[in-house]
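Undergrad: I have a structure here, written as structure tokens, and I will follow up with some questions on it.
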Amino acid sequence: MSFEVSVFAPASVSNVACGFDVFGFAISGLGDLVRVRRSSDSGPSLVISDVTGDDGLLPREPDRNTAGRAAAAAMKALGIDFGIELEIHKQMPISSGLGSSAASAAGAAAAVAILARNESEKSIDRCQLINSALDGEQLASGGRHADNVAPSLLGGFVLVRSLDPVPDVIEIHPPSWLSCALILPDLSIDTRGARERLGDTVSLSSAIKQWANTATLSLALERGDADMARRALVDHIAEPVRKDSVPGFEDVQKAALSAGALGCSLSGSGPALFALCRDETEDLSETKSVATAMSEALLRGGGCDSRPLATRVATRGAAVDLDLS
């Protein structure tokens with residue numbers, strides 16, 4: 001009997017203002033669906049049999065596709081000796097700043113791992129899984145950064161301490177009241193190009209401020225201290241360089257803070273913008289108000305339409321059913 005495995009990998013917010021390449025959290029409501037099955041090929045092979053929701057933008061060759069590259073890496077790590085067919089169903093915008101490529105890569109790596117466990121009882125550990133997904137993410141961004149891949153795989157809010165010699169990903173436990181207002185502008189930003197704009201150096205004074213804010217936000221989330229989180233949600237590294245890529249960014253940021261958000265910045269390299277909020281309402285009515293204010297400000301200040309969303313941190317990741325001990 002041959003199994004078919006479908007995995008939903010959630011979208012993610014990375015950087016989270018002060019945590020460039022360090023912080024990331026999975027979000028509810030957006031993500032990608034990846035499906036894998038054993039093919040009739042006698043030896044190890046990988047074919048992308050279907051891609052939907054991408055408007056024809058994604059390559060169908062596995063070695064040029066983020067999900068294909070991640071699936072191939074997982075197959076190699078597992079020593080899979082049979083063929084696999086891969087389907088990718090995009091359920092989120094490409095180049096949105098919400099970890100679209102990371103979600104596809106995470107979903108593919110996790111799906112291959114689950115298929116291998118079901119078909120041949122082979123298993124993969126947490127570090128191998130993250131590294132497999134990173135092979136796919138590297139294709140899109142030009143570097144290995146796990147602040148989108150790790151939360152998409154594992155769920156929750158994570159801190160990526162290091163990737164060398166192995167991924168060291170630490171779970172942060174945010175308070176139950178933490179929510180996220182998002183707007184998805186009708187723009188797209190190339191992640192690789194956005195990273196190149198940052199260069200390789202920062203001033204010591206900026207680095208010190210960033211380190212202080214990163215440490216403070218970690219503590220604030222663990223303590224559930226909203227005022228402390230508000231003080232920490234300031235980016236001295238990426239935001240000053242990248243904010244001009246979204247017309248009306250400062251208007252959106254001011255609107256979010258005026259509406260009660262703790263902080264607002266770019267999600268990843270943008271164009272999506274997020275705002276962390278304290279919201280204990282069941283229907284996220286307060287967060288929805290912040291998202292609406294952000295969307296209206298972008299239209300006024302930048303002349304750009306956007307889709308407002310309100311969500312919480314998603315506790316389930318793509319690999320939730322895997323034994324990652």
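Residue numbering restarts at 1 in every chain; chains get A, B, ... in the order shown in the structure tokens, and ligands count up from 1 in that same order.
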Which polymer residues have any atom within 8 Å of an atom of Lys288 of chain A, counting only C-alpha atoms, with same-chain residues fewer than 4 positions away left out, as a list in words?
TA: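 Near Lys288 of chain A, the qualifying residues are Ala181, Leu284, Thr292, Pro308, Leu309 and Ala310 of chain A.
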Undergrad: Next, write the just-selected residues to a file, as a JSON list (two decimals), in the first residue's frame, keeping N, CA and C atoms as the atom set.
TA:
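Okay, this is what ended up in again-v7.json:
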[["chain", "number", "residue", "atom", "x", "y", "z"],
["A", 181, "ALA", "N", -1.89, 42.10, 13.88],
["A", 181, "ALA", "CA", -2.59, 42.76, 12.78],
["A", 181, "ALA", "C", -1.65, 42.77, 11.58],
["A", 284, "LEU", "N", -11.03, 38.84, 18.14],
["A", 284, "LEU", "CA", -9.93, 39.72, 17.74],
["A", 284, "LEU", "C", -10.42, 41.06, 17.21],
["A", 292, "THR", "N", -7.40, 47.45, 10.14],
["A", 292, "THR", "CA", -8.17, 48.37, 9.29],
["A", 292, "THR", "C", -7.52, 49.75, 9.26],
["A", 308, "PRO", "N", -6.38, 43.67, 4.86],
["A", 308, "PRO", "CA", -6.13, 43.62, 6.30],
["A", 308, "PRO", "C", -6.51, 42.26, 6.88],
["A", 309, "LEU", "N", -5.72, 41.80, 7.85],
["A", 309, "LEU", "CA", -5.96, 40.52, 8.51],
["A", 309, "LEU", "C", -5.68, 40.66, 10.00],
["A", 310, "ALA", "N", -6.37, 39.85, 10.79],
["A", 310, "ALA", "CA", -6.11, 39.77, 12.22],
["A", 310, "ALA", "C", -5.92, 38.30, 12.58]]
Undergrad: With 10 Å as the cut-off and only C-alpha atoms counted, what is the closest atom pair between each nearby residue of segment 76-111 of chain A and segment 139-144 of chain A? Distances in Å to one decimal, ordered by chain and number, as CSV.
TA:
residue,atom,partner,partner_atom,distance
A:Ser95,CA,A:Ala140,CA,9.6
A:Ser100,CA,A:Ala140,CA,9.7
A:Ser101,CA,A:Ala140,CA,6.6
A:Ala102,CA,A:Ala140,CA,8.6
A:Ala105,CA,A:Leu139,CA,10.0
Undergrad: Could you state the separation of atom CA of Ile237 of chain A and atom CA of Ala275 of chain A in Å, given to one decimal place?
TA: 17.8 Å
Undergrad: Write out, as CSV, each residue of segment 87-200 of chain A that has an atom at most 9 Å from segment 239-243 of chain A, together with the closest pair of atoms and their distance in Å to one decimal, counting only C-alpha atoms, rows going by chain and rising number.
TA:
residue,atom,partner,partner_atom,distance
A:Ala194,CA,A:Arg242,CA,7.2
A:Arg197,CA,A:Val241,CA,7.3
A:Leu198,CA,A:Val241,CA,6.6
Undergrad: Select from segment 247-286 of chain A every residue with an atom at most 12 Å from any atom of segment 215-222 of chain A, then for each give the shortest pair of atoms and their distance in Å to one decimal, using only C-alpha atoms, rows by chain and rising number, as JSON lines.
TA:
{"residue": "A:Leu262", "atom": "CA", "partner": "A:Leu217", "partner_atom": "CA", "distance": 11.2}
{"residue": "A:Gly263", "atom": "CA", "partner": "A:Leu217", "partner_atom": "CA", "distance": 11.1}
{"residue": "A:Leu276", "atom": "CA", "partner": "A:Leu221", "partner_atom": "CA", "distance": 11.1}
{"residue": "A:Cys277", "atom": "CA", "partner": "A:Leu221", "partner_atom": "CA", "distance": 11.8}
{"residue": "A:Arg278", "atom": "CA", "partner": "A:Leu221", "partner_atom": "CA", "distance": 11.2}
Undergrad: Among segment 73-299 of chain A, which ones does DSSP place in strand (DSSP E or B), written as a VMD selection string?
TA: chain A and resid 83 to 91 157 to 162 168 to 172 178 to 185 263 to 266 273 to 278
Undergrad: Generate the output file for the selected residues, C-alpha atoms, as an mmCIF file, in the first residue's frame.
TA:
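As written to disk, result_31.cif reads:
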data_model
loop_
_atom_site.group_PDB
_atom_site.id
_atom_site.type_symbol
_atom_site.label_atom_id
_atom_site.label_comp_id
_atom_site.auth_asym_id
_atom_site.auth_seq_id
_atom_site.Cartn_x
_atom_site.Cartn_y
_atom_site.Cartn_z
ATOM 1 C CA GLY A 83 10.477 7.976 -6.513
ATOM 2 C CA ILE A 84 8.274 10.779 -5.211
ATOM 3 C CA GLU A 85 5.661 12.969 -6.881
ATOM 4 C CA LEU A 86 5.224 16.421 -5.376
ATOM 5 C CA GLU A 87 2.264 18.802 -5.581
ATOM 6 C CA ILE A 88 2.400 22.424 -4.434
ATOM 7 C CA HIS A 89 -0.799 24.346 -3.765
ATOM 8 C CA LYS A 90 0.012 27.979 -3.004
ATOM 9 C CA GLN A 91 -2.524 29.467 -0.616
ATOM 10 C CA PHE A 157 7.177 31.873 18.254
ATOM 11 C CA VAL A 158 10.840 30.948 17.905
ATOM 12 C CA LEU A 159 14.296 32.395 18.376
ATOM 13 C CA VAL A 160 16.995 31.130 16.005
ATOM 14 C CA ARG A 161 20.184 31.353 18.045
ATOM 15 C CA SER A 162 22.470 29.776 15.451
ATOM 16 C CA ASP A 168 19.711 25.837 17.489
ATOM 17 C CA VAL A 169 16.078 26.952 17.597
ATOM 18 C CA ILE A 170 14.573 28.042 20.914
ATOM 19 C CA GLU A 171 10.850 28.216 21.608
ATOM 20 C CA ILE A 172 9.492 31.423 23.129
ATOM 21 C CA LEU A 178 -0.713 38.348 21.916
ATOM 22 C CA SER A 179 -2.233 38.947 18.497
ATOM 23 C CA CYS A 180 -1.056 40.218 15.151
ATOM 24 C CA ALA A 181 -2.588 42.756 12.783
ATOM 25 C CA LEU A 182 -1.396 42.390 9.203
ATOM 26 C CA ILE A 183 -1.834 44.179 5.923
ATOM 27 C CA LEU A 184 -0.868 42.664 2.583
ATOM 28 C CA PRO A 185 -0.241 45.518 0.118
ATOM 29 C CA GLY A 263 4.699 48.025 17.669
ATOM 30 C CA CYS A 264 4.593 47.899 13.882
ATOM 31 C CA SER A 265 7.179 47.091 11.233
ATOM 32 C CA LEU A 266 7.834 45.180 8.029
ATOM 33 C CA LEU A 273 3.404 44.984 7.499
ATOM 34 C CA PHE A 274 2.571 43.570 10.910
ATOM 35 C CA ALA A 275 1.648 45.032 14.263
ATOM 36 C CA LEU A 276 1.739 43.129 17.530
ATOM 37 C CA CYS A 277 -1.234 43.823 19.775
ATOM 38 C CA ARG A 278 -2.637 43.020 23.181
#
Undergrad: Mind checking DSSP for segment 46-262 of chain A and telling me the alpha helix (DSSP H) residues as a ChimeraX atom specification?
TA: /A:66-78,100-120,126-141,149-154,191-198,204-223,226-232,239-242,249-258
Undergrad: Would you list the contacts of Val290 of chain A as a list in words, taking every protein, DNA or RNA residue within 7 Å and counting only C-alpha atoms, but skipping same-chain residues closer than 2 positions in sequence?
TA: Ala181, Ala256, Ala259, Ala261, Glu286, Thr287, Lys288, Thr292, Ala293 and Met294 of chain A
Undergrad: Please list as a list in words every residue within 6 Å of segment 5-16 of chain A, counting only C-alpha atoms and excluding residues in the same chain fewer than 4 positions away.
TA: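 The residues satisfying every condition are Phe20, Asp21, Phe23, Gly24, Phe25, Ala26, Ile27, Leu30, Gly31, Asp32, Leu33, Val34, Arg35, Val36, Leu98, Gly99, Ala103, Gly107, Ala111, Asp147, Asn148, Ser152, Ser267, Gly268 and Ala318 of chain A.
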Undergrad: Could you write out that same residue set with N, CA and C atoms as a short mmCIF file (atom, residue, chain, number, x, y, z; two decimals), in the first residue's frame?
TA:
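What landed in result-v3.cif:
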data_model
loop_
_atom_site.label_atom_id
_atom_site.label_comp_id
_atom_site.auth_asym_id
_atom_site.auth_seq_id
_atom_site.Cartn_x
_atom_site.Cartn_y
_atom_site.Cartn_z
N PHE A 20 16.17 40.75 13.60
CA PHE A 20 16.54 40.41 12.23
C PHE A 20 17.25 39.06 12.16
N ASP A 21 16.68 38.14 11.35
CA ASP A 21 17.21 36.78 11.16
C ASP A 21 17.19 35.95 12.44
N PHE A 23 14.15 36.29 15.17
CA PHE A 23 12.79 36.01 15.61
C PHE A 23 11.89 35.64 14.44
N GLY A 24 10.92 34.78 14.72
CA GLY A 24 9.89 34.48 13.74
C GLY A 24 8.73 33.78 14.44
N PHE A 25 7.52 33.98 13.92
CA PHE A 25 6.38 33.25 14.48
C PHE A 25 5.42 32.86 13.37
N ALA A 26 4.82 31.68 13.56
CA ALA A 26 3.83 31.18 12.61
C ALA A 26 2.51 31.91 12.83
N ILE A 27 1.76 32.11 11.75
CA ILE A 27 0.47 32.79 11.86
C ILE A 27 -0.65 31.89 11.36
N LEU A 30 -3.07 31.58 6.95
CA LEU A 30 -2.38 31.62 5.66
C LEU A 30 -1.29 30.55 5.65
N GLY A 31 -0.98 30.04 4.46
CA GLY A 31 0.08 29.06 4.33
C GLY A 31 0.00 28.34 3.00
N ASP A 32 0.76 27.28 2.87
CA ASP A 32 0.79 26.48 1.64
C ASP A 32 0.49 25.03 1.95
N LEU A 33 -0.15 24.37 1.00
CA LEU A 33 -0.43 22.94 1.11
C LEU A 33 0.50 22.19 0.17
N VAL A 34 1.21 21.21 0.70
CA VAL A 34 2.12 20.39 -0.10
C VAL A 34 1.70 18.93 0.04
N ARG A 35 1.64 18.25 -1.09
CA ARG A 35 1.22 16.85 -1.11
C ARG A 35 2.29 16.00 -1.79
N VAL A 36 2.64 14.87 -1.20
CA VAL A 36 3.61 13.97 -1.80
C VAL A 36 3.06 12.55 -1.82
N LEU A 98 5.67 37.17 3.97
CA LEU A 98 5.11 36.27 4.97
C LEU A 98 5.65 34.85 4.83
N GLY A 99 6.86 34.72 4.31
CA GLY A 99 7.51 33.43 4.26
C GLY A 99 6.87 32.47 3.27
N ALA A 103 7.33 28.50 3.57
CA ALA A 103 6.19 27.61 3.82
C ALA A 103 6.20 26.45 2.85
N GLY A 107 6.80 22.71 4.14
CA GLY A 107 5.78 21.71 3.87
C GLY A 107 6.32 20.52 3.10
N ALA A 111 6.53 16.79 4.57
CA ALA A 111 5.73 15.77 3.88
C ALA A 111 6.58 14.58 3.46
N ASP A 147 14.48 32.06 10.23
CA ASP A 147 13.44 32.77 10.98
C ASP A 147 12.06 32.65 10.34
N ASN A 148 11.96 32.22 9.09
CA ASN A 148 10.67 31.85 8.50
C ASN A 148 10.49 30.33 8.51
N SER A 152 7.52 27.98 10.57
CA SER A 152 6.62 27.29 9.66
C SER A 152 6.66 25.78 9.88
N SER A 267 7.10 42.89 7.83
CA SER A 267 7.23 41.46 8.03
C SER A 267 8.27 40.95 7.05
N GLY A 268 9.39 40.43 7.57
CA GLY A 268 10.48 40.06 6.69
C GLY A 268 10.98 41.26 5.93
N ALA A 318 4.16 22.74 10.29
CA ALA A 318 4.09 21.70 9.26
C ALA A 318 4.51 20.35 9.80
#
Undergrad: Might you pull out every residue within 12 Å of Lys76 of chain A, with only C-alpha atoms counted and same-chain residues fewer than 3 positions away left off, and present them as a ChimeraX atom specification?
TA: /A:44-46,69-73,79-83,109,112-113,116,122-124,128-129,131-132,135
